[in-house]
Amino acid sequence: MSTSYLGFHFKISPKEPASEILVAELGEKPFESFVENENGLTAYIQKNDYTEGILDDIQIMKSDEFEISYHIEEIEQVNWNQEWEKNFEPIDVDGKCHVRAPFHPKSDAEFDILIEPKMSFGTGHHETTHMMISHLLSMDVENMKTLDMGCGTAILAILAEMKGAKPIDAIDIDNWCYLNSVENAERNNCSHISVFEGDAALLAGRHYDLIIANINRNILLNDMTAYAESLNPGGTILFSGFYTEDIDAINESCEANGLKFESKLTRNNWASLKYVKA
């Protein structure tokens, strides 16, 4: 028996960070998958799960900062693998790390990461994930107790383990990201990654040598004290998920919490910052 789906085709301007926020909000509804495109994204939901007014409490759609419009299309029996195959291309980062889906051939890169992205963010395509991978590739993380905060697909936790970090906690507030991270850790034969569903409240009493936090600006600023308190003296923290114009605000918060700036990467107006704790 075929399953009927509704495709919500969203046109978003400017696309970022609105598309990421929209996915996070829609993820609280019964939407099963998202596919990004040049103008926005398409969100899929089973027709039987659709209810009138399902978008009424989606806050990002009420924001004056973005223009978001949509139309709905009825779709018969979506082949998700086919959708991803059309939209997901393998990524090469610095010639050392290759990120691919199951339908891509294995490469001879030093770090070959297999990701089934489903509806989670963190495939490596986004500038922020790409920069965080670059940071990790340049670091010696051997035996570092590590946190991947807002782990998405767990791609950064997986790379950290491949580089010798352990043990590793991967945390995301989104249930689908939690499930996807568990699957991806298993898919890459990772034995040192523990995945948790939740937010910064889970950090109480936990301490790390390395913290990776690829999350949006407001969450980083809100949870900065929790991150700093969880970082061991001499530990390193990597941030991304914000624009270059947000660097001053992030830096001010880091300095107030005893974190010393070390380096930065920028890519298409996105930024990634590296700090150490004295």
# chains A, B, ... in the order shown; residues from 1 in each chain; ligands from 1
call {"tool": "residues_around", "arguments": {"residues": "Asp248 in chain A", "least_positions_apart": "6", "cutoff": "12 Å", "atoms": "only C-alpha atoms", "output": "list of chain:residue names"}}
result
A:Arg217, A:Leu221, A:Phe242, A:Cys254, A:Glu255, A:Phe261, A:Ala271, A:Leu273
call {"tool": "select_by_dssp", "arguments": {"residues": "range 109-265 of chain A", "states": "strand (DSSP E)", "output": "JSON, numbers by chain"}}
result
{"A": [111, 112, 113, 114, 146, 147, 148, 149, 168, 169, 170, 171, 172, 193, 194, 195, 196, 197, 208, 209, 210, 211, 212, 213, 214, 231, 232, 233, 234, 235, 236, 237, 238, 239, 240, 241, 242, 243, 259, 260, 261, 262, 263, 264, 265]}
call {"tool": "residues_around", "arguments": {"residues": "range 101-114 of chain A", "least_positions_apart": "3", "cutoff": "8 Å", "atoms": "only C-alpha atoms", "output": "PyMOL selection string"}}
result
chain A and resi 85+88-90+95-98+117+155+158-159+162+184+187-188
call {"tool": "select_by_dssp", "arguments": {"residues": "range 71-247 of chain A", "states": "alpha helix (DSSP H)", "output": "number ranges by chain"}}
result
A: 80-87, 127-137, 155-162, 175-187, 217-230, 247
call {"tool": "residues_around", "arguments": {"residues": "range 145-152 of chain A", "least_positions_apart": "3", "cutoff": "6 Å", "atoms": "only C-alpha atoms", "output": "list in words"}}
result
Ser120, Phe121, Gly122, Ala157, Lys166, Pro167, Ile168, Asp169, Ala170, Ile171, Asp172, Cys177, Tyr208, Asp209, Leu210, Ile211, Ile212 and Ala213 of chain A
call {"tool": "residues_around", "arguments": {"residues": "Gly164 in chain A", "least_positions_apart": "2", "cutoff": "9 Å", "atoms": "only C-alpha atoms", "output": "mmCIF file with N, CA and C atoms, in the first residue's frame"}}
result
data_model
loop_
_atom_site.group_PDB
_atom_site.id
_atom_site.type_symbol
_atom_site.label_atom_id
_atom_site.label_comp_id
_atom_site.auth_asym_id
_atom_site.auth_seq_id
_atom_site.Cartn_x
_atom_site.Cartn_y
_atom_site.Cartn_z
ATOM 1 N N ASP A 140 45.663 17.883 17.268
ATOM 2 C CA ASP A 140 45.951 16.583 17.868
ATOM 3 C C ASP A 140 44.944 16.380 18.998
ATOM 4 N N VAL A 141 43.998 15.474 18.805
ATOM 5 C CA VAL A 141 42.933 15.267 19.799
ATOM 6 C C VAL A 141 43.055 13.902 20.480
ATOM 7 N N GLU A 142 44.189 13.259 20.328
ATOM 8 C CA GLU A 142 44.407 11.917 20.888
ATOM 9 C C GLU A 142 44.057 11.878 22.370
ATOM 10 N N ASN A 143 43.150 10.943 22.717
ATOM 11 C CA ASN A 143 42.729 10.684 24.104
ATOM 12 C C ASN A 143 42.068 11.880 24.790
ATOM 13 N N MET A 144 41.605 12.850 24.028
ATOM 14 C CA MET A 144 40.874 13.974 24.625
ATOM 15 C C MET A 144 39.432 13.570 24.911
ATOM 16 N N LEU A 159 34.464 12.164 13.390
ATOM 17 C CA LEU A 159 35.814 12.555 12.985
ATOM 18 C C LEU A 159 36.739 12.613 14.200
ATOM 19 N N ALA A 160 36.234 13.151 15.314
ATOM 20 C CA ALA A 160 37.060 13.228 16.527
ATOM 21 C C ALA A 160 37.507 11.834 16.961
ATOM 22 N N GLU A 161 36.589 10.854 16.926
ATOM 23 C CA GLU A 161 36.985 9.489 17.298
ATOM 24 C C GLU A 161 37.998 8.926 16.312
ATOM 25 N N MET A 162 37.789 9.174 15.014
ATOM 26 C CA MET A 162 38.738 8.689 14.011
ATOM 27 C C MET A 162 40.146 9.246 14.247
ATOM 28 N N LYS A 166 38.687 10.281 22.838
ATOM 29 C CA LYS A 166 37.834 9.352 23.596
ATOM 30 C C LYS A 166 37.916 9.696 25.079
#
call {"tool": "atom_distance", "arguments": {"atom1": "CA of Asn214 in chain A", "atom2": "CA of Met131 in chain A"}}
result
9.9 Å
call {"tool": "closest_residue", "arguments": {"among": "A:Leu136, A:Leu26, A:Leu6, A:Ile173", "to": "Tyr50 in chain A", "atoms": "only C-alpha atoms"}}
result
A:Leu6
call {"tool": "residues_around", "arguments": {"residues": "His9 in chain A", "least_positions_apart": "6", "cutoff": "9 Å", "atoms": "only C-alpha atoms", "output": "VMD selection string"}}
result
chain A and resid 40 to 44 69 to 73
call {"tool": "write_last_selection", "arguments": {"atoms": "N, CA, C and O atoms", "output": "PDB file, in the first residue's frame"}}
result
ATOM      1  N   GLY A  40      15.272  27.626  -0.747  1.00  0.00           N
ATOM      2  CA  GLY A  40      14.717  27.305   0.558  1.00  0.00           C
ATOM      3  C   GLY A  40      14.789  25.819   0.838  1.00  0.00           C
ATOM      4  O   GLY A  40      15.861  25.218   0.761  1.00  0.00           O
ATOM      5  N   LEU A  41      13.650  25.207   1.104  1.00  0.00           N
ATOM      6  CA  LEU A  41      13.645  23.777   1.388  1.00  0.00           C
ATOM      7  C   LEU A  41      12.245  23.206   1.194  1.00  0.00           C
ATOM      8  O   LEU A  41      11.258  23.934   1.138  1.00  0.00           O
ATOM      9  N   THR A  42      12.192  21.877   1.101  1.00  0.00           N
ATOM     10  CA  THR A  42      10.919  21.160   1.064  1.00  0.00           C
ATOM     11  C   THR A  42      10.832  20.260   2.289  1.00  0.00           C
ATOM     12  O   THR A  42      11.792  19.552   2.610  1.00  0.00           O
ATOM     13  N   ALA A  43       9.721  20.334   2.987  1.00  0.00           N
ATOM     14  CA  ALA A  43       9.474  19.503   4.168  1.00  0.00           C
ATOM     15  C   ALA A  43       8.363  18.512   3.837  1.00  0.00           C
ATOM     16  O   ALA A  43       7.333  18.887   3.283  1.00  0.00           O
ATOM     17  N   TYR A  44       8.598  17.239   4.179  1.00  0.00           N
ATOM     18  CA  TYR A  44       7.649  16.184   3.849  1.00  0.00           C
ATOM     19  C   TYR A  44       6.938  15.665   5.097  1.00  0.00           C
ATOM     20  O   TYR A  44       7.569  15.445   6.140  1.00  0.00           O
ATOM     21  N   SER A  69       7.513  32.037   2.295  1.00  0.00           N
ATOM     22  CA  SER A  69       6.235  31.654   1.689  1.00  0.00           C
ATOM     23  C   SER A  69       6.299  30.169   1.359  1.00  0.00           C
ATOM     24  O   SER A  69       7.380  29.564   1.349  1.00  0.00           O
ATOM     25  N   TYR A  70       5.151  29.559   1.097  1.00  0.00           N
ATOM     26  CA  TYR A  70       5.156  28.128   0.797  1.00  0.00           C
ATOM     27  C   TYR A  70       3.929  27.748  -0.006  1.00  0.00           C
ATOM     28  O   TYR A  70       2.916  28.461  -0.013  1.00  0.00           O
ATOM     29  N   HIS A  71       4.047  26.620  -0.695  1.00  0.00           N
ATOM     30  CA  HIS A  71       2.871  25.985  -1.278  1.00  0.00           C
ATOM     31  C   HIS A  71       2.971  24.491  -1.014  1.00  0.00           C
ATOM     32  O   HIS A  71       4.058  23.952  -0.750  1.00  0.00           O
ATOM     33  N   ILE A  72       1.837  23.823  -1.063  1.00  0.00           N
ATOM     34  CA  ILE A  72       1.761  22.407  -0.704  1.00  0.00           C
ATOM     35  C   ILE A  72       1.485  21.573  -1.947  1.00  0.00           C
ATOM     36  O   ILE A  72       0.644  21.926  -2.774  1.00  0.00           O
ATOM     37  N   GLU A  73       2.214  20.475  -2.057  1.00  0.00           N
ATOM     38  CA  GLU A  73       2.042  19.548  -3.181  1.00  0.00           C
ATOM     39  C   GLU A  73       1.811  18.139  -2.632  1.00  0.00           C
ATOM     40  O   GLU A  73       2.505  17.707  -1.704  1.00  0.00           O
TER      41      GLU A  73
END
